[in-house]
Structure formats: structure tokens, C-alpha cells
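See below for structure-v6.pdb, which holds PDB, C-alpha atoms.
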ATOM      1  CA  MET A  93     160.688 188.473-103.445
ATOM      2  CA  GLN A  94     158.045 190.884-104.666
ATOM      3  CA  ASN A  95     154.940 189.547-106.395
ATOM      4  CA  ASP A  96     152.782 192.450-107.543
ATOM      5  CA  LYS A  97     150.354 190.179-109.404
ATOM      6  CA  ARG A  98     148.897 188.160-106.601
ATOM      7  CA  MET A  99     146.591 185.383-107.746
ATOM      8  CA  LYS A 100     144.052 186.175-105.062
ATOM      9  CA  GLU A 101     143.430 188.958-102.568
ATOM     10  CA  ILE A 102     144.158 187.803 -99.026
ATOM     11  CA  THR A 103     141.169 187.660 -96.695
ATOM     12  CA  CYS A 104     142.168 184.752 -94.450
ATOM     13  CA  ILE A 105     145.532 183.509 -93.188
ATOM     14  CA  GLY A 106     146.652 180.424 -91.324
ATOM     15  CA  VAL A 107     149.357 180.467 -88.655
ATOM     16  CA  LEU A 108     151.280 177.503 -87.259
ATOM     17  CA  THR A 109     154.303 176.716 -85.122
ATOM     18  CA  SER A 110     156.519 173.829 -86.157
ATOM     19  CA  GLY A 111     159.608 171.983 -84.977
ATOM     20  CA  GLY A 112     161.174 172.657 -81.593
ATOM     21  CA  ASP A 113     159.322 175.141 -79.405
ATOM     22  CA  ALA A 114     160.996 178.432 -78.531
ATOM     23  CA  PRO A 115     160.163 181.110 -75.937
ATOM     24  CA  GLY A 116     158.409 183.959 -77.732
ATOM     25  CA  MET A 117     156.373 181.815 -80.119
ATOM     26  CA  ASN A 118     153.183 182.808 -78.284
ATOM     27  CA  ALA A 119     154.094 186.470 -78.520
ATOM     28  CA  CYS A 120     154.567 185.927 -82.243
ATOM     29  CA  ILE A 121     151.224 184.138 -82.675
ATOM     30  CA  ARG A 122     149.592 187.020 -80.812
ATOM     31  CA  ALA A 123     151.209 189.616 -83.053
ATOM     32  CA  VAL A 124     150.349 187.782 -86.281
ATOM     33  CA  THR A 125     146.747 187.329 -85.166
ATOM     34  CA  ARG A 126     146.113 190.871 -84.040
ATOM     35  CA  ALA A 127     147.946 192.471 -86.970
ATOM     36  CA  ALA A 128     145.886 190.408 -89.428
ATOM     37  CA  ILE A 129     142.616 191.202 -87.651
ATOM     38  CA  SER A 130     143.500 194.905 -87.713
ATOM     39  CA  LYS A 131     143.480 194.626 -91.519
ATOM     40  CA  GLY A 132     140.107 192.925 -91.524
ATOM     41  CA  TRP A 133     141.483 189.457 -92.282
ATOM     42  CA  LYS A 134     140.334 186.237 -90.679
ATOM     43  CA  VAL A 135     142.916 184.147 -88.840
ATOM     44  CA  LYS A 136     143.002 180.370 -88.534
ATOM     45  CA  GLY A 137     145.213 178.732 -85.929
ATOM     46  CA  ILE A 138     146.667 175.384 -87.000
ATOM     47  CA  TYR A 139     147.481 173.010 -84.149
ATOM     48  CA  ARG A 140     150.576 170.758 -84.085
ATOM     49  CA  GLY A 141     152.283 172.340 -87.083
ATOM     50  CA  TYR A 142     152.170 170.522 -90.403
ATOM     51  CA  ALA A 143     150.714 167.441 -88.688
ATOM     52  CA  GLY A 144     147.673 169.481 -87.703
ATOM     53  CA  LEU A 145     147.424 170.911 -91.191
ATOM     54  CA  ILE A 146     147.169 167.370 -92.550
ATOM     55  CA  GLU A 147     144.659 166.303 -89.883
ATOM     56  CA  ASN A 148     142.607 169.515 -90.271
ATOM     57  CA  GLU A 149     143.160 170.592 -86.650
ATOM     58  CA  ILE A 150     142.309 174.182 -87.477
ATOM     59  CA  VAL A 151     140.359 176.731 -85.423
ATOM     60  CA  ASP A 152     139.432 180.390 -85.720
ATOM     61  CA  LEU A 153     141.636 182.797 -83.776
ATOM     62  CA  THR A 154     140.339 186.077 -82.373
ATOM     63  CA  THR A 155     141.861 188.921 -80.434
ATOM     64  CA  GLU A 156     140.594 187.232 -77.274
ATOM     65  CA  SER A 157     142.142 183.905 -78.298
ATOM     66  CA  VAL A 158     145.624 185.345 -77.904
ATOM     67  CA  SER A 159     145.017 187.482 -74.815
ATOM     68  CA  ASN A 160     147.328 186.859 -71.855
ATOM     69  CA  THR A 161     149.795 184.841 -73.944
ATOM     70  CA  ILE A 162     152.722 187.203 -74.554
ATOM     71  CA  GLN A 163     154.429 186.122 -71.321
ATOM     72  CA  ARG A 164     153.945 182.386 -71.781
ATOM     73  CA  GLY A 165     156.639 179.987 -72.939
ATOM     74  CA  GLY A 166     156.061 177.126 -75.345
ATOM     75  CA  THR A 167     153.345 177.489 -77.970
ATOM     76  CA  ILE A 168     149.570 177.599 -77.497
ATOM     77  CA  LEU A 169     149.202 176.071 -80.969
ATOM     78  CA  LYS A 170     151.403 173.119 -79.962
ATOM     79  CA  SER A 171     154.133 171.796 -82.204
ATOM     80  CA  ALA A 172     155.106 168.524 -83.831
ATOM     81  CA  ARG A 173     157.416 167.048 -86.414
ATOM     82  CA  SER A 174     155.475 165.509 -89.278
ATOM     83  CA  LYS A 175     156.983 162.712 -91.354
ATOM     84  CA  GLU A 176     153.796 162.591 -93.394
ATOM     85  CA  PHE A 177     154.272 166.175 -94.561
ATOM     86  CA  THR A 178     157.564 165.139 -96.155
ATOM     87  CA  THR A 179     155.584 162.970 -98.566
ATOM     88  CA  PRO A 180     153.603 164.187-101.613
ATOM     89  CA  GLU A 181     150.512 162.453-100.230
ATOM     90  CA  GLY A 182     150.772 164.299 -96.934
ATOM     91  CA  ARG A 183     151.191 167.674 -98.597
ATOM     92  CA  ALA A 184     148.212 166.932-100.850
ATOM     93  CA  LYS A 185     146.037 166.404 -97.746
ATOM     94  CA  ALA A 186     147.350 169.647 -96.267
ATOM     95  CA  TYR A 187     146.515 171.556 -99.429
ATOM     96  CA  GLU A 188     142.964 170.187 -99.535
ATOM     97  CA  ASN A 189     142.433 171.391 -95.975
ATOM     98  CA  ILE A 190     143.820 174.822 -96.798
ATOM     99  CA  LYS A 191     141.364 175.138 -99.677
ATOM    100  CA  ALA A 192     138.453 173.867 -97.586
ATOM    101  CA  GLN A 193     139.253 176.353 -94.813
ATOM    102  CA  GLY A 194     139.543 179.269 -97.249
ATOM    103  CA  ILE A 195     143.117 180.039 -96.207
ATOM    104  CA  ASP A 196     144.874 182.332 -98.683
ATOM    105  CA  ALA A 197     148.333 182.399 -97.076
ATOM    106  CA  LEU A 198     150.355 180.624 -94.385
ATOM    107  CA  VAL A 199     152.551 182.156 -91.692
ATOM    108  CA  VAL A 200     154.996 179.513 -90.482
ATOM    109  CA  ILE A 201     156.881 180.086 -87.224
ATOM    110  CA  GLY A 202     159.816 177.729 -86.831
ATOM    111  CA  GLY A 203     163.383 176.836 -87.665
ATOM    112  CA  ASN A 204     165.280 175.479 -90.633
ATOM    113  CA  GLY A 205     163.183 172.370 -91.167
ATOM    114  CA  SER A 206     159.908 174.249 -90.826
ATOM    115  CA  LEU A 207     160.876 176.832 -93.426
ATOM    116  CA  ALA A 208     162.184 174.108 -95.740
ATOM    117  CA  GLY A 209     158.749 172.475 -95.528
ATOM    118  CA  ALA A 210     157.090 175.805 -96.340
ATOM    119  CA  LEU A 211     159.349 176.247 -99.379
ATOM    120  CA  THR A 212     158.496 172.800-100.743
ATOM    121  CA  PHE A 213     154.785 173.335-100.116
ATOM    122  CA  ALA A 214     154.831 176.768-101.741
ATOM    123  CA  LYS A 215     156.542 175.469-104.858
ATOM    124  CA  GLU A 216     154.311 172.431-105.164
ATOM    125  CA  TYR A 217     150.947 174.145-104.745
ATOM    126  CA  ASP A 218     151.688 177.832-105.323
ATOM    127  CA  VAL A 219     150.695 178.603-101.733
ATOM    128  CA  THR A 220     151.777 181.986-100.408
ATOM    129  CA  CYS A 221     153.987 181.400 -97.358
ATOM    130  CA  ILE A 222     155.775 183.743 -94.979
ATOM    131  CA  GLY A 223     158.306 182.343 -92.509
ATOM    132  CA  LEU A 224     159.207 183.704 -89.098
ATOM    133  CA  PRO A 225     162.468 182.535 -87.456
ATOM    134  CA  GLY A 226     161.444 180.737 -84.283
ATOM    135  CA  THR A 227     164.332 178.670 -82.894
ATOM    136  CA  ILE A 228     166.646 178.920 -79.914
ATOM    137  CA  ASP A 229     169.581 177.900 -82.130
ATOM    138  CA  ASN A 230     169.889 181.300 -83.866
ATOM    139  CA  ASP A 231     171.085 179.449 -86.954
ATOM    140  CA  LEU A 232     168.927 180.884 -89.755
ATOM    141  CA  TYR A 233     170.794 182.895 -92.361
ATOM    142  CA  GLY A 234     169.652 186.461 -92.994
ATOM    143  CA  THR A 235     168.509 187.412 -89.508
ATOM    144  CA  ASP A 236     170.719 188.626 -86.671
ATOM    145  CA  TYR A 237     168.522 186.967 -84.061
ATOM    146  CA  THR A 238     165.829 184.304 -83.959
ATOM    147  CA  ILE A 239     162.831 184.183 -81.636
ATOM    148  CA  GLY A 240     163.755 182.304 -78.451
ATOM    149  CA  TYR A 241     167.518 182.637 -78.698
ATOM    150  CA  ASP A 242     167.878 185.438 -76.140
ATOM    151  CA  THR A 243     165.739 183.639 -73.561
ATOM    152  CA  ALA A 244     167.621 180.362 -74.029
ATOM    153  CA  LEU A 245     170.924 182.198 -73.685
ATOM    154  CA  ASN A 246     169.828 183.715 -70.386
ATOM    155  CA  THR A 247     168.582 180.332 -69.158
ATOM    156  CA  ILE A 248     171.997 178.802 -69.879
ATOM    157  CA  VAL A 249     173.777 181.632 -68.085
ATOM    158  CA  GLU A 250     171.604 181.171 -65.009
ATOM    159  CA  CYS A 251     172.296 177.439 -64.945
ATOM    160  CA  VAL A 252     176.038 177.770 -65.504
ATOM    161  CA  ASP A 253     176.326 180.376 -62.750
ATOM    162  CA  LYS A 254     174.981 177.751 -60.358
ATOM    163  CA  ILE A 255     177.295 175.065 -61.738
ATOM    164  CA  ARG A 256     180.234 177.447 -61.241
ATOM    165  CA  ASP A 257     179.520 177.503 -57.504
ATOM    166  CA  THR A 258     179.903 173.753 -57.130
ATOM    167  CA  ALA A 259     182.814 173.563 -59.586
ATOM    168  CA  THR A 260     184.720 176.062 -57.460
ATOM    169  CA  SER A 261     183.799 174.335 -54.201
ATOM    170  CA  HIS A 262     185.171 170.992 -55.393
ATOM    171  CA  ASN A 263     187.969 172.121 -57.750
ATOM    172  CA  ARG A 264     186.313 170.419 -60.709
ATOM    173  CA  ILE A 265     186.222 170.842 -64.451
ATOM    174  CA  PHE A 266     182.642 170.951 -65.691
ATOM    175  CA  PHE A 267     181.814 170.261 -69.309
ATOM    176  CA  VAL A 268     178.371 171.785 -69.898
ATOM    177  CA  GLU A 269     176.573 170.684 -73.050
ATOM    178  CA  VAL A 270     174.115 173.110 -74.619
ATOM    179  CA  MET A 271     171.797 172.999 -77.613
ATOM    180  CA  GLY A 272     172.338 174.713 -80.939
ATOM    181  CA  ARG A 273     171.993 171.980 -83.581
ATOM    182  CA  ASP A 274     174.970 172.592 -85.892
ATOM    183  CA  ALA A 275     175.546 176.165 -84.709
ATOM    184  CA  GLY A 276     177.687 177.348 -81.808
ATOM    185  CA  PHE A 277     175.944 180.648 -81.002
ATOM    186  CA  LEU A 278     174.497 179.457 -77.685
ATOM    187  CA  ALA A 279     177.758 177.840 -76.551
ATOM    188  CA  GLN A 280     180.035 180.706 -77.599
ATOM    189  CA  ASN A 281     177.991 183.581 -76.240
ATOM    190  CA  SER A 282     176.975 181.869 -73.014
ATOM    191  CA  ALA A 283     180.656 181.062 -72.424
ATOM    192  CA  ILE A 284     181.516 184.752 -72.649
ATOM    193  CA  ALA A 285     178.566 185.763 -70.461
ATOM    194  CA  CYS A 286     179.403 183.142 -67.808
ATOM    195  CA  GLY A 287     183.129 183.846 -67.692
ATOM    196  CA  ALA A 288     183.772 180.286 -68.860
ATOM    197  CA  GLU A 289     187.272 179.136 -69.710
ATOM    198  CA  ALA A 290     186.410 177.757 -73.137
ATOM    199  CA  ALA A 291     183.721 177.009 -75.684
ATOM    200  CA  ILE A 292     183.950 174.041 -78.021
ATOM    201  CA  ILE A 293     181.857 174.792 -81.099
ATOM    202  CA  PRO A 294     181.470 173.345 -84.617
ATOM    203  CA  GLU A 295     182.508 176.624 -86.278
ATOM    204  CA  ASP A 296     186.047 176.366 -84.936
ATOM    205  CA  HIS A 297     187.628 174.681 -87.948
ATOM    206  CA  SER A 298     191.245 175.024 -86.829
ATOM    207  CA  ASN A 299     193.379 171.908 -86.731
ATOM    208  CA  ILE A 300     194.265 172.626 -83.119
ATOM    209  CA  ASP A 301     192.979 170.071 -80.627
ATOM    210  CA  GLN A 302     190.404 172.167 -78.742
ATOM    211  CA  LEU A 303     190.806 170.140 -75.560
ATOM    212  CA  GLU A 304     194.594 170.442 -75.558
ATOM    213  CA  GLN A 305     194.282 174.146 -76.256
ATOM    214  CA  PHE A 306     191.934 174.563 -73.291
ATOM    215  CA  ILE A 307     194.075 172.537 -70.889
ATOM    216  CA  GLY A 308     197.255 174.304 -71.890
ATOM    217  CA  HIS A 309     195.759 177.778 -71.906
ATOM    218  CA  GLY A 310     193.819 177.668 -68.677
ATOM    219  CA  ILE A 311     193.935 174.832 -66.203
ATOM    220  CA  ARG A 312     197.672 174.130 -66.304
ATOM    221  CA  LYS A 313     198.508 177.724 -65.484
ATOM    222  CA  SER A 314     196.552 178.829 -62.476
ATOM    223  CA  LYS A 315     193.070 177.322 -62.242
ATOM    224  CA  ASN A 316     191.827 174.397 -60.240
ATOM    225  CA  SER A 317     188.242 174.633 -61.516
ATOM    226  CA  SER A 318     186.897 175.470 -64.918
ATOM    227  CA  ILE A 319     183.748 175.618 -67.006
ATOM    228  CA  VAL A 320     183.759 174.539 -70.650
ATOM    229  CA  LEU A 321     180.669 175.055 -72.807
ATOM    230  CA  VAL A 322     180.255 172.371 -75.475
ATOM    231  CA  SER A 323     177.877 172.486 -78.412
ATOM    232  CA  GLU A 324     175.668 169.414 -78.812
ATOM    233  CA  SER A 325     176.493 169.259 -82.534
ATOM    234  CA  PRO A 326     177.767 165.903 -83.832
ATOM    235  CA  LYS A 327     180.420 167.955 -85.617
ATOM    236  CA  VAL A 328     182.019 168.540 -82.205
ATOM    237  CA  GLY A 329     184.196 165.638 -81.081
ATOM    238  CA  ASN A 330     182.498 162.253 -81.106
ATOM    239  CA  GLY A 331     179.792 162.755 -78.565
ATOM    240  CA  GLY A 332     179.563 166.274 -77.170
ATOM    241  CA  ALA A 333     180.494 167.037 -73.572
ATOM    242  CA  GLN A 334     180.876 163.385 -72.548
ATOM    243  CA  TYR A 335     183.495 162.822 -75.240
ATOM    244  CA  TYR A 336     185.726 165.581 -73.859
ATOM    245  CA  ALA A 337     185.134 164.569 -70.248
ATOM    246  CA  ASP A 338     186.191 160.996 -71.052
ATOM    247  CA  ARG A 339     189.323 162.287 -72.733
ATOM    248  CA  VAL A 340     190.303 164.336 -69.698
ATOM    249  CA  VAL A 341     189.848 161.312 -67.427
ATOM    250  CA  LYS A 342     192.078 159.280 -69.750
ATOM    251  CA  GLU A 343     194.689 161.851 -70.785
ATOM    252  CA  TYR A 344     194.807 164.114 -67.694
ATOM    253  CA  PRO A 345     193.901 161.856 -64.746
ATOM    254  CA  GLY A 346     194.863 164.482 -62.198
ATOM    255  CA  TYR A 347     191.677 166.452 -62.781
ATOM    256  CA  GLU A 348     188.238 165.749 -61.371
ATOM    257  CA  VAL A 349     185.628 166.032 -64.121
ATOM    258  CA  ARG A 350     181.855 166.321 -64.275
ATOM    259  CA  VAL A 351     179.385 166.589 -67.163
ATOM    260  CA  SER A 352     176.130 168.533 -67.155
ATOM    261  CA  ILE A 353     173.776 168.276 -70.137
ATOM    262  CA  LEU A 354     171.242 171.081 -69.839
ATOM    263  CA  GLY A 355     168.844 169.539 -72.340
ATOM    264  CA  HIS A 356     165.293 170.721 -72.866
ATOM    265  CA  LEU A 357     165.182 173.136 -69.952
ATOM    266  CA  GLN A 358     166.853 175.538 -72.413
ATOM    267  CA  ARG A 359     163.626 175.655 -74.427
ATOM    268  CA  GLY A 360     161.277 176.505 -71.590
ATOM    269  CA  GLY A 361     160.395 179.507 -69.521
ATOM    270  CA  SER A 362     158.818 182.893 -69.949
ATOM    271  CA  PRO A 363     160.365 184.798 -72.881
ATOM    272  CA  SER A 364     162.727 187.657 -72.162
ATOM    273  CA  ALA A 365     161.696 191.239 -72.902
ATOM    274  CA  TYR A 366     163.899 191.154 -76.005
ATOM    275  CA  ASP A 367     162.236 187.999 -77.347
ATOM    276  CA  ARG A 368     158.765 189.431 -76.704
ATOM    277  CA  ILE A 369     159.629 192.591 -78.609
ATOM    278  CA  LEU A 370     161.368 190.720 -81.442
ATOM    279  CA  ALA A 371     158.467 188.281 -81.810
ATOM    280  CA  SER A 372     155.960 191.135 -81.825
ATOM    281  CA  ARG A 373     157.885 193.082 -84.462
ATOM    282  CA  LEU A 374     158.343 190.072 -86.716
ATOM    283  CA  GLY A 375     154.718 188.997 -86.310
ATOM    284  CA  VAL A 376     153.410 192.396 -87.377
ATOM    285  CA  ALA A 377     155.981 192.529 -90.190
ATOM    286  CA  SER A 378     154.708 189.206 -91.576
ATOM    287  CA  ILE A 379     151.292 190.761 -92.178
ATOM    288  CA  VAL A 380     152.879 193.835 -93.730
ATOM    289  CA  ALA A 381     154.852 191.507 -96.007
ATOM    290  CA  LEU A 382     151.696 189.708 -97.121
ATOM    291  CA  ASP A 383     149.930 192.993 -97.740
ATOM    292  CA  GLU A 384     152.854 194.105 -99.888
ATOM    293  CA  GLY A 385     152.573 190.972-102.008
ATOM    294  CA  GLN A 386     155.638 189.212-100.616
ATOM    295  CA  ARG A 387     155.700 185.434-100.764
ATOM    296  CA  ASN A 388     158.084 182.623 -99.920
ATOM    297  CA  VAL A 389     160.294 184.805 -97.738
ATOM    298  CA  MET A 390     161.456 184.719 -94.142
ATOM    299  CA  VAL A 391     160.976 187.941 -92.219
ATOM    300  CA  GLY A 392     164.137 188.652 -90.265
ATOM    301  CA  ILE A 393     165.975 191.461 -88.537
ATOM    302  CA  GLN A 394     169.330 192.927 -89.531
ATOM    303  CA  ASN A 395     170.896 195.909 -87.769
ATOM    304  CA  ASP A 396     167.566 196.406 -85.980
ATOM    305  CA  LYS A 397     165.692 196.738 -89.297
ATOM    306  CA  ILE A 398     163.088 194.356 -90.733
ATOM    307  CA  VAL A 399     164.282 192.463 -93.818
ATOM    308  CA  TYR A 400     162.832 189.895 -96.213
ATOM    309  CA  VAL A 401     165.019 186.890 -96.969
ATOM    310  CA  PRO A 402     164.083 184.325 -99.642
ATOM    311  CA  PHE A 403     163.476 180.879 -98.142
ATOM    312  CA  SER A 404     166.167 179.406-100.358
ATOM    313  CA  ARG A 405     168.813 181.652 -98.791
ATOM    314  CA  ALA A 406     167.537 181.426 -95.215
ATOM    315  CA  ILE A 407     167.623 177.629 -95.087
ATOM    316  CA  LYS A 408     170.479 176.740 -97.410
ATOM    317  CA  MET A 409     173.177 179.246 -96.485
ATOM    318  CA  ASP A 410     175.273 178.837 -93.335
ATOM    319  CA  LYS A 411     175.059 181.651 -90.818
ATOM    320  CA  PRO A 412     178.631 182.564 -89.845
ATOM    321  CA  ILE A 413     179.644 183.140 -86.253
ATOM    322  CA  ASP A 414     181.633 186.291 -85.559
ATOM    323  CA  LYS A 415     185.251 185.182 -85.146
ATOM    324  CA  GLU A 416     185.807 188.132 -82.834
ATOM    325  CA  LEU A 417     183.687 186.306 -80.247
ATOM    326  CA  ILE A 418     186.171 183.425 -80.243
ATOM    327  CA  ASN A 419     189.015 185.893 -79.749
ATOM    328  CA  VAL A 420     187.205 187.695 -76.932
ATOM    329  CA  LEU A 421     186.701 184.469 -75.000
ATOM    330  CA  GLY A 422     190.308 183.452 -75.551
ATOM    331  CA  VAL A 423     191.614 186.763 -74.216
ATOM    332  CA  LEU A 424     189.342 186.841 -71.173
ATOM    333  CA  SER A 425     189.811 183.210 -70.127
ATOM    334  CA  ILE A 426     193.469 183.562 -69.075
TER     335      ILE A 426
END
Target encoding C-alpha cells, full file:
Amino acid sequence: MQNDKRMKEITCIGVLTSGGDAPGMNACIRAVTRAAISKGWKVKGIYRGYAGLIENEIVDLTTESVSNTIQRGGTILKSARSKEFTTPEGRAKAYENIKAQGIDALVVIGGNGSLAGALTFAKEYDVTCIGLPGTIDNDLYGTDYTIGYDTALNTIVECVDKIRDTATSHNRIFFVEVMGRDAGFLAQNSAIACGAEAAIIPEDHSNIDQLEQFIGHGIRKSKNSSIVLVSESPKVGNGGAQYYADRVVKEYPGYEVRVSILGHLQRGGSPSAYDRILASRLGVASIVALDEGQRNVMVGIQNDKIVYVPFSRAIKMDKPIDKELINVLGVLSI
């Protein structure tokens, strides 16, 4: 959304990471910081996301501050979920600190909830905000990929490859639960990459029982061991991987079943080359966006090109999964 009549020329920006951490956040902080400094702007790092903004945990960032960080996982600015920021009183404290620090614009790196907070804050206090999609879930509308998704996907593949070894050795069915919030991108694509027999995801809205489909399509024909990727979403079954494992034990007692919940190890680790490049491009693009007078937009990537997506679309519209991916897995799992 273009705003040619900016209220105030930007001389100082604040940058924060919020919500769940994602590999590549540090690369993004580095890019935002150095791109802003290259324009002669000051940069303030805000610790612990919106919680730190409320508590005034704000420091100056320099080129040296972000040296030797591009390869590091997690976030050097830390992250937190702030209940106080969801209240008018909390946002009022945050705004007072922004004014006191001389911050003219905020760059928020995070997922759906983080950008929703930025949208509310921007509307309430007319603060210029730019969002950068930092989440392993890859669930933000308007960008093909989010920072951290590629690394998490590769982490899952590495783990499932190891699980496959023991599944084969013991003729077991493994239900592997992965993250993704209400999106099945991690489950679906890791299933293809791992040669898994099935992926159970929230986007599969067919009335077909996904467990029955899997059993009938794969195990009953020729396989003694199988891997099924299950999204953690509450929209899947009644309890993720454990729900389907319990059903197999009850309905198909001839099979030996195990459950592996990968959990937070999916968030950690050094970012992949792709995530480092994506984070760097988006970080630089956020400063370009501010210089152009953009406000209240998420900077994303579509068809390898930088795009600006209004917050309202990025956080409120569902990102569709490519149905061809479901077909590909179905064909290859025979």
C-alpha cells in the first residue's frame, strides 16, 4: 500500500522477532540492520518481541552487532509471546517507548500472530510497520516461502530417514507428527521428500477416511513397514499422530505401530543456504519498502520476485496447498 505523504522522514527503525523462532531470523536481522545503516538510518534492536517493546528492552544495533550471525539458528534478539501487547494498555506502553527511543518505523519478523499484532498497533497509533514472514509453517498468504520453512523441511527429512531405518528393520508403521499449525506444507512436502506412504494434513477436505485410504492403498498390498507424516493441527483427527496410531492398534491389530513426535527440534539448527538467501533478500527489501513509503505490508516472495502484501491479506486469507502435491504422493506411494 503506497503512502507518498509520509508523516515523518525515517531516520531510525526498530526491528524485532516475535512468536516461534525460525532458522534464518538472524540472517534477516543482519540484512535489515545493514541495509538500514547503508541508508544512514539508525537501528534499534528490540529484545523479546512485543514484550521487550513494552518493557523498553531496546538497544542500538551496528554493523558489528550482527557480524557472524548469518549462520546461527534461533534469534539473537530473543522472542516471546506477549499477552500484555494484546491489551490497549500494553500497546500504549509500547508506543510511549517507541516515541522515547525516536523510532520512526518497525520491522516485525514473525508469523501470523506477529503480523496481526503489527496491524493492530499500526492502526491504533499510526505507526509505520513492515512485516517479514518468519515461520517454519509456511502458512502466510502472499508469499511462496517463509523464512525457516526450508530448513525445517530438511530437518524433518533427516529425522524421517533415520526413522525409516528402524521401521524397516522391525516391520513397523511409524506415524511421525510434524509442526505446521493449521497448514500441511511441512507434512506434505516432507512426505514426498522422504518417500513416505502417506501424509495426513488439514487441507485434505475429502470425506474419505484418510487412515482407511492409507491402509488400503499401501500396507495391505505389499508393504510390511510404512511411514505416515501427520500434521500437528487439531483439524487432523482428534489428536495428531497418536490418534491414528491408536486407531490402527484397535482396528488393524495385526500391525505393529510406533509414534514419533518431532517437536521443537524442527525449529532449531543452522539455516539452509536457501533460508539465508531468502532472509537476506527480504531484509533488504524491507528497507527498500520503507524508503518507498510503504507501510502496513508484509514483504514476501512470489515467483522469485519481491512483492508487497497488505497485512490484512497476509494474515486473514488462507494459503492454499497445491493439490498436485497430494496427487504426486498418492502416485508414488504404491
Which polymer residues have any atom within 8 Å of an atom of A:Glu269, counting all atoms listed in the file, with same-chain residues fewer than 5 positions away left out, as a PyMOL selection string? chain A and resi 321-324+332-333+351-355
Apply the PyMOL selection byres ((chain A and resi 371) around 8) to the displayed file and report the matching residues as a PyMOL selection string. chain A and resi 116-117+119-120+123+239+367-370+372-375
To one decimal place, how far is atom CA of A:Asp229 from atom CA of A:Val420 in Å?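 Pair atom CA of A:Asp229 / atom CA of A:Val420 returns 20.8 Å.
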Decode the PyMOL selection byres ((chain A and resi 192-207) around 6) for the given file into explicit residues and return them as a ChimeraX atom specification. /A:102,104-110,189-191,208-210,220-227,407
Between A:Arg183, A:Asn148, A:Ala365, A:Ala279, which residue has the minimum interatomic distance to A:Lys215, considering all atoms listed in the file?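 Closest candidate: A:Arg183.
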Selected residue, from A:Lys136, A:Lys185, A:Phe403, A:Thr103, that lies nearest to A:Val124 when counting only C-alpha atoms: A:Lys136
List the residues selected by the PyMOL selection byres ((chain A and resi 421) around 12) in the file shown, writing them as a ChimeraX atom specification. /A:279-292,306,309-310,320-321,414-420,422-426
Of the listed residues A:Asp410, A:Glu188, A:Asp152, A:Glu147, that which approaches A:Glu176 most closely, counting all atoms listed in the file: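 Residue with the minimum atom-to-atom distance to A:Glu176: A:Glu147.
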Contacts of A:Phe277 within 7 Å, all atoms listed in the file, excl. fewer than 5 positions in-chain, as a PyMOL selection string: chain A and resi 230+272+413
List the neighbours of A:Asp236 out to 8 Å using only C-alpha atoms; skip same-chain residues closer than 4 positions along the sequence, and give me the result as a PDB file with C-alpha atoms, in the frame of the given file.
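Output file part.pdb follows:
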ATOM      1  CA  ASN A 230     169.889 181.300 -83.866  1.00  0.00           C
ATOM      2  CA  GLY A 392     164.137 188.652 -90.265  1.00  0.00           C
ATOM      3  CA  ILE A 393     165.975 191.461 -88.537  1.00  0.00           C
ATOM      4  CA  GLN A 394     169.330 192.927 -89.531  1.00  0.00           C
ATOM      5  CA  ASN A 395     170.896 195.909 -87.769  1.00  0.00           C
TER       6      ASN A 395
END
Would you compute the distance between atom CA of A:Arg173 and atom CA of A:Gly111? Give it in Å to one decimal. 5.6 Å
Proximity to A:Thr161 - best of A:Ser174, A:Val349, A:Ile121, A:Lys131, only C-alpha atoms: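 Closest to A:Thr161, using only C-alpha atoms: A:Ile121.
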Report, in Å with one decimal, the straight-line distance from atom CA of A:Asp257 to atom CA of A:Ser318.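 Value for the atom CA of A:Asp257-atom CA of A:Ser318 distance: 10.7 Å.
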Best match for closeness to A:Ser364 among A:Asn118, A:Thr260, A:Thr243, A:Thr238, counting all atoms listed in the file: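 Residue with the minimum atom-to-atom distance to A:Ser364: A:Thr243.
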Taking into account all atoms listed in the file, which residue in the set A:Val340, A:Ile150, A:Leu232, A:Cys251 is nearest to A:Val391?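 Between A:Val340, A:Ile150, A:Leu232, A:Cys251, the residue approaching A:Val391 most closely is A:Leu232.
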Let me know the centre plus edge lengths, in Å and rounded to one decimal, of a box with edges along x, y and z that contains all listed atoms of stretch 155-170 of chain A and is padded by 8 Å on every side, as JSON.
{"center_x": 148.6, "center_y": 181.0, "center_z": -76.1, "size_x": 32.0, "size_y": 31.8, "size_z": 25.6}
Which residues are close to A:Ile228, i.e. within 9 Å by all atoms listed in the file, leaving aside same-chain residues fewer than 6 positions away? Reply as an MDAnalysis selection string. chainID A and resid 112:115 203 238:245 271:272 278 358:359
Quick one: residues within 12 Å of A:Ser130, only C-alpha atoms, excluding same-chain residues fewer than 4 positions away - as a CSV table (one decimal) with C-alpha atoms, in the coordinates of the input?
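Contents of around_38.csv, freshly written:
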chain,number,residue,atom,x,y,z
A,103,THR,CA,141.2,187.7,-96.7
A,123,ALA,CA,151.2,189.6,-83.1
A,124,VAL,CA,150.3,187.8,-86.3
A,125,THR,CA,146.7,187.3,-85.2
A,126,ARG,CA,146.1,190.9,-84.0
A,134,LYS,CA,140.3,186.2,-90.7
A,135,VAL,CA,142.9,184.1,-88.8
A,154,THR,CA,140.3,186.1,-82.4
A,155,THR,CA,141.9,188.9,-80.4
A,376,VAL,CA,153.4,192.4,-87.4
A,379,ILE,CA,151.3,190.8,-92.2
A,380,VAL,CA,152.9,193.8,-93.7
